[in-house]
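K.L.:
The structure follows.
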Amino acid sequence: MENLVTANIKSRPTRTFISILAVALGVILMLVVGGIVKGTLDDYLGRTMAVGSDFILQPPGSSVFYALSDPGLNEKYADLVREVPGVVAVTPVLAKFNSKQFGLVFGIDWDTYNQFPGRLDIIKGNPSLQGDEVIVDQMYADANKLDVGMKTEIMNYEYTVAAICRPGAAVRVFLPLETFKERTGTPPDKVTILFIKAADGADREKVFAALQEKFQGFSLLRASDQNLLLAEAKMPGLNEFRVLIVVVSMLLAFMIILLAMYTTIFERTREIGILKSLGASQRFIVGMILKESAMICGLGVILGIVVSEVVRVAVVAKFPTLQVSMTTADLGKGFVLGVLAGVLGALYPAYKAARMDPVKALSYE
Amino acid sequence: METPFGNAIETVNLSMTYRSGKVDVPAVDDVNLTVKNGEFIAIMGPSGCGKTTLLHMLGGLLRPTGGKILVDGIDIASLSDAERTAVRRKKIGYVFQRFNLLPTLTARGNIELAKRIHGNGNGSGGGKYPDVSQIFEMLSLSGKEDFRPLEMSGGEQQRVAIARAVINRPSIILADEPTGSLDSRNARTVLEMLRNLNEKLGQSIVMITHDADAASTADRVIEMRDGRMLGPKSQFSFKPELERFY
């Protein structure tokens with residue numbers, strides 16, 4: 001049977017196309033921007049956890065985005081940390097954000113860093129790091145066409161690639177701690193963070209409590225679980241930003257559908273009068289408008305998801321170090337929110353249509 | 001529910017007054033009209049005499065400001081909008097001067113839609129609806145099933161509109177100037193169809209018309225003037241050709 005809803009959609013191709021496009025744009029915004037934020041955060045936290053530490057010690061008031069903070073932690077605290085019962089390894093790290101390559105660079109102490117489970121897994125070159133040497137991961141090497149022994153510029157200084165490690169390490173670029181301090185003008189006794197490892201079998205809560213007692217007022221994060229790290233980390237505005245992206249995307253879909261359907265019911269005033277003369281109930285008319293908007297939104301959301309996936313693949317191909325997180329759950333959420341926004345946007349026009357005076361509607365020119 | 005006297009429609013002191021600013025304007029004034037089951041009546045009168053308002057009230061599209069309207073014994077004037085809509089859906093078929101087919105649907109789509117609305121949206125008529133193809137054949141519309149309204153002539157559109165009005169076998173057909181937009185040949189065809197439907201299906205028909213020839217098709221003709229019913233007449237005081245002088 002010919003369907004009134006699809007017939008209406010097909011009969012106004014320009015309006016339908018623009019509405020679908022606008023809904024798709026909202027979904028793309030939600031999925032791609034949200035995906036970049038989530039992907040970057042997940043990547044960042046995942047890499048922080050990849051060190052394999054149990055705790056992270058930072059200066060008071062620090063956020064988990066330690067690379068954005070000035071190195072304000074005295075390196076000598078590492079010795080104090082080692083005195084805490086149950087601590088088996090401590091390593092100081094100077095972390096900086098390399099805006100040119102859009103990624104983190106770690107200045108590490110080779111010996112202590114490799115006491116952690118996340119030690120560098122060298123797949124090519126020498127397992128050492130000193131002087132003006134640099135170790136990069138395979139992905140960074142591929143993206144920058146680097147090999148062992150080649151020179152490369154990092155944050156305005158030239159380094160020699162000493163080794164290439166397996167991807168999945170905390171960062172993609174590792175420099176010797178002392179060299180990195182010197183070349184970034186960091187005071188010799190300062191680092192960004194201390195990664196701390198508890199001994200196998202040690203009661204981690206007790207170790208944590210002891211560290212808290214010793215470093216009162218400092219930022220001490222549990223790094224054994226990503227959700228815990230996320231929950232404890234101070235990330236001002238990040239969640240709000242993600243919510244804002246979702247709200248803006250939904251508002252876009254909501255307003256477009258509201259406008260499109262509102263215009264449509266005025267165009268179709270006479271048709272609504274005809275439906276009423278045939279005995280169509282208010283529920284029938286509301287259902288017709290809602291189905292139409294749900295169909296437009298559904299098509300828009302599907303288009304948005306497809307384009308978002310294409311954008312994700314293209315972004316990852318063009319910028320291999322950039323992460324765009326788009327899980328099935330994210331796509332499902334995008335679908336539900338997109339359709340929901342559209343249906344909500346159609347509620348008022350549907351109500352107006354259902355309440356229309358049939359006699360006035362029939363005489364509408 | 002049938003009335004004990006077998007009336008399809010009965011109005012009692014029916015009135016409709018519009019308010020224009022601070023002035024009350026009576027559009028229909030104290031009309032008492034009875035349409036028997038299976039009767040075909042025509043209502044004539046000059047423009048603005050209240051014919052269309054009366055028809056809209058009989059169809060439940062308008063709630064009167066006074067009086068009763070009994071449709072198959074149900075006083076629709078006292079019903080809510082939703083209840084009047086339900087009565088209209090089950091008992092009344094409309095035919096308009098300007099056909100009022102949905103332009104986005106084909107001829108068949110327009111008729112199927114009426115069936116769907118009648119079936120409360122579930123589209124399951126349980127076989128009680130006449131076959132659409134048969135209706136098309138009966139109205140000489142075979143081959144036009146997949147045409148959209150704009151692809152058909154006025155006469156064809158009006159025949160589709162009639163098919164749409166009768167598909168659910170309503171007991172009452174309300175026709176508002178059904179021949180007003182047609183040439184004389186198509187007008188005659190449409191009137192013959194209405195007459196046939198009335199005779200074969202026993203549907204009561206209330207038709208508004210300006211055309212005395214069209215009115216002569218009906219069993220009974222009623223004249224209206226200034227919102228009042230002047231009663232049945234064999235010779236009408238209303239002459240369409242003199243309407244401009246009213």
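Just remember, in the structure tokens the first chain shown is A, the second B, etc., residues are 1-based per chain, and ligands are 1-based in the order shown.
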List every residue of chain A that has an atom at most 12 Å from any atom of chain B, and for each one report the closest atom pair and its distance in Å to one decimal, counting only C-alpha atoms, with rows sorted by chain and then by increasing residue number, as CSV.

P.N.:
```
residue,atom,partner,partner_atom,distance
A:Met1,CA,B:Gly109,CA,7.1
A:Glu2,CA,B:Gly109,CA,5.4
A:Asn3,CA,B:Gly109,CA,7.6
A:Leu4,CA,B:Leu105,CA,6.9
A:Val5,CA,B:Thr104,CA,9.6
A:Thr6,CA,B:Thr104,CA,9.4
A:Ala7,CA,B:Thr104,CA,5.7
A:Asn8,CA,B:Thr104,CA,6.2
A:Ile9,CA,B:Thr104,CA,9.3
A:Lys10,CA,B:Thr104,CA,8.4
A:Ser11,CA,B:Thr104,CA,6.2
A:Arg12,CA,B:Thr104,CA,9.5
A:Arg268,CA,B:Leu102,CA,9.7
A:Thr269,CA,B:Leu102,CA,11.4
A:Arg270,CA,B:Asn100,CA,8.2
A:Glu271,CA,B:Leu102,CA,6.2
A:Ile272,CA,B:Leu102,CA,9.4
A:Gly273,CA,B:Asn100,CA,9.2
A:Ile274,CA,B:Asn100,CA,6.4
A:Leu275,CA,B:Ala114,CA,8.5
A:Lys276,CA,B:Thr85,CA,7.4
A:Ser277,CA,B:Tyr94,CA,6.9
A:Leu278,CA,B:Arg89,CA,6.0
A:Gly279,CA,B:Arg89,CA,4.0
A:Ala280,CA,B:Ile117,CA,5.7
A:Ser281,CA,B:Thr85,CA,6.4
A:Gln282,CA,B:Ala82,CA,7.6
A:Arg283,CA,B:Ala82,CA,9.7
A:Phe284,CA,B:Gly121,CA,7.1
A:Ile285,CA,B:Ile117,CA,10.3
A:Gly287,CA,B:Gly121,CA,10.0
A:Met288,CA,B:Gly121,CA,10.4
A:Ala354,CA,B:Ala82,CA,10.8
A:Arg355,CA,B:Asp81,CA,9.9
A:Met356,CA,B:Leu61,CA,11.1
A:Asp357,CA,B:Leu61,CA,8.2
A:Pro358,CA,B:Leu61,CA,6.2
A:Val359,CA,B:Leu61,CA,6.4
A:Lys360,CA,B:Leu61,CA,9.9
A:Ala361,CA,B:Leu61,CA,10.6
A:Leu362,CA,B:Asn100,CA,8.5
A:Ser363,CA,B:Arg98,CA,10.3
A:Tyr364,CA,B:Asn100,CA,11.5
A:Glu365,CA,B:Arg98,CA,11.5
```

K.L.:
Could you give me, as a JSON list (two decimals) with C-alpha atoms, in the first residue's frame, each residue of stretch 136-244 of chain A that DSSP assigns to strand (DSSP E) when run on this structure's backbone?

P.N.:
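The new file states.json reads:
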```json
[["chain", "number", "residue", "atom", "x", "y", "z"],
["A", 136, "VAL", "CA", 60.67, 6.35, 18.78],
["A", 137, "ASP", "CA", 57.92, 3.80, 18.33],
["A", 151, "LYS", "CA", 68.75, 12.21, 12.47],
["A", 152, "THR", "CA", 65.47, 13.82, 13.38],
["A", 153, "GLU", "CA", 64.42, 17.15, 14.84],
["A", 154, "ILE", "CA", 62.34, 17.15, 17.99],
["A", 157, "TYR", "CA", 66.86, 20.06, 18.57],
["A", 158, "GLU", "CA", 68.40, 17.34, 16.49],
["A", 159, "TYR", "CA", 68.55, 13.79, 17.80],
["A", 160, "THR", "CA", 69.79, 10.46, 16.46],
["A", 161, "VAL", "CA", 67.38, 7.55, 16.39],
["A", 162, "ALA", "CA", 68.99, 4.99, 18.70],
["A", 163, "ALA", "CA", 66.23, 2.44, 18.58],
["A", 164, "ILE", "CA", 62.66, 1.78, 17.51],
["A", 165, "CYS", "CA", 60.27, 0.30, 20.05],
["A", 173, "VAL", "CA", 59.07, 9.64, 21.55],
["A", 174, "PHE", "CA", 61.52, 9.04, 24.42],
["A", 175, "LEU", "CA", 64.52, 11.25, 25.16],
["A", 176, "PRO", "CA", 67.18, 11.03, 27.86],
["A", 190, "LYS", "CA", 62.56, 19.30, 38.52],
["A", 191, "VAL", "CA", 60.43, 16.69, 36.76],
["A", 193, "ILE", "CA", 55.69, 13.26, 37.53],
["A", 194, "LEU", "CA", 56.87, 10.23, 39.38],
["A", 195, "PHE", "CA", 55.54, 6.84, 38.33],
["A", 196, "ILE", "CA", 55.38, 4.49, 41.31],
["A", 197, "LYS", "CA", 55.13, 0.71, 41.34],
["A", 198, "ALA", "CA", 54.06, -1.32, 44.37],
["A", 219, "SER", "CA", 48.18, 14.95, 43.61],
["A", 220, "LEU", "CA", 48.34, 11.18, 43.95],
["A", 221, "LEU", "CA", 46.42, 9.11, 41.41],
["A", 222, "ARG", "CA", 45.74, 5.39, 41.26]]
```

K.L.:
Compile the contact shell of A:Val105 as a compact mmCIF listing (two decimals) with N, CA, C and O atoms, in the first residue's frame: residues with an atom at most 10 Å away, counting only C-alpha atoms, same-chain residues fewer than 4 positions apart removed.

P.N.:
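Contents of out.txt, freshly written:
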```
# COMPACT_ATOMS: atom_id res chain seq x y z
N ALA A 67 51.36 16.83 31.05
CA ALA A 67 52.27 17.42 30.06
C ALA A 67 51.98 18.90 29.85
O ALA A 67 52.80 19.63 29.32
N VAL A 93 59.80 11.36 35.40
CA VAL A 93 59.57 11.62 33.97
C VAL A 93 59.34 13.12 33.76
O VAL A 93 58.61 13.76 34.52
N LEU A 94 59.99 13.63 32.73
CA LEU A 94 59.71 15.00 32.30
C LEU A 94 58.85 14.88 31.05
O LEU A 94 59.29 14.30 30.04
N ALA A 95 57.63 15.34 31.11
CA ALA A 95 56.71 15.19 29.97
C ALA A 95 56.45 16.55 29.34
O ALA A 95 56.19 17.53 30.04
N LYS A 96 56.54 16.59 28.04
CA LYS A 96 56.27 17.84 27.31
C LYS A 96 55.38 17.53 26.11
O LYS A 96 55.49 16.45 25.52
N PHE A 97 54.58 18.50 25.77
CA PHE A 97 53.73 18.32 24.59
C PHE A 97 54.43 18.93 23.38
O PHE A 97 54.79 20.10 23.38
N ASN A 98 54.66 18.10 22.37
CA ASN A 98 55.30 18.57 21.13
C ASN A 98 54.19 18.99 20.16
O ASN A 98 53.58 18.15 19.51
N GLN A 101 54.41 17.98 16.38
CA GLN A 101 54.06 16.59 16.02
C GLN A 101 52.74 16.16 16.66
O GLN A 101 52.32 15.02 16.50
N VAL A 136 62.05 6.07 19.25
CA VAL A 136 60.67 6.35 18.78
C VAL A 136 59.95 5.01 18.58
O VAL A 136 60.61 3.97 18.42
N ILE A 154 63.45 17.20 17.03
CA ILE A 154 62.34 17.15 17.99
C ILE A 154 62.41 18.38 18.87
O ILE A 154 63.44 18.61 19.53
N MET A 155 61.40 19.15 18.85
CA MET A 155 61.29 20.39 19.62
C MET A 155 62.54 21.26 19.46
O MET A 155 63.18 21.67 20.43
N ALA A 170 54.11 4.26 26.51
CA ALA A 170 53.43 5.42 27.08
C ALA A 170 53.34 6.58 26.08
O ALA A 170 52.30 7.23 25.97
N VAL A 171 54.43 6.83 25.39
CA VAL A 171 54.43 7.87 24.34
C VAL A 171 55.15 7.32 23.12
O VAL A 171 55.63 6.19 23.15
N ARG A 172 55.22 8.14 22.08
CA ARG A 172 55.87 7.64 20.87
C ARG A 172 57.34 8.09 20.77
O ARG A 172 58.08 7.60 19.94
N VAL A 173 57.71 9.09 21.62
CA VAL A 173 59.07 9.64 21.55
C VAL A 173 59.67 9.68 22.96
O VAL A 173 59.08 10.27 23.88
N PHE A 174 60.83 9.05 23.12
CA PHE A 174 61.52 9.04 24.42
C PHE A 174 62.90 9.67 24.26
O PHE A 174 63.64 9.33 23.33
N LEU A 175 63.21 10.60 25.18
CA LEU A 175 64.52 11.25 25.16
C LEU A 175 65.20 11.01 26.52
O LEU A 175 64.51 10.74 27.52
N PHE A 180 66.87 16.20 27.93
CA PHE A 180 65.58 16.85 27.69
C PHE A 180 65.40 18.05 28.64
O PHE A 180 64.91 19.11 28.24
```

K.L.:
Show me, as an NGL selection string, the residues that have an atom within 8 Å of stretch 113-115 of chain A when counting only C-alpha atoms, minus same-chain residues fewer than 2 positions from it.

P.N.:
:A and (89-92 or 108-111 or 117-120)

K.L.:
Got a sec: who's within 9 Å of B:Asp29, counting only C-alpha atoms, leaving out chain neighbours fewer than 3 positions off, as an MDAnalysis selection string?

P.N.:
chainID B and resid 13:17 26 50 66 226:229

K.L.:
I need the residue nearest A:Thr40 from this list: A:Ile20, A:Ser53, A:Val316, A:Ala260. Use only C-alpha atoms for the distance.

P.N.:
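So, comparing all the options, the nearest one is A:Val316.
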
K.L.:
Tell me, as a PyMOL selection string, which residues lie within 7 Å of B:Val12, counting only C-alpha atoms; anything in the same chain fewer than 6 positions away does not count.

P.N.:
chain B and resi 31-32+67-69
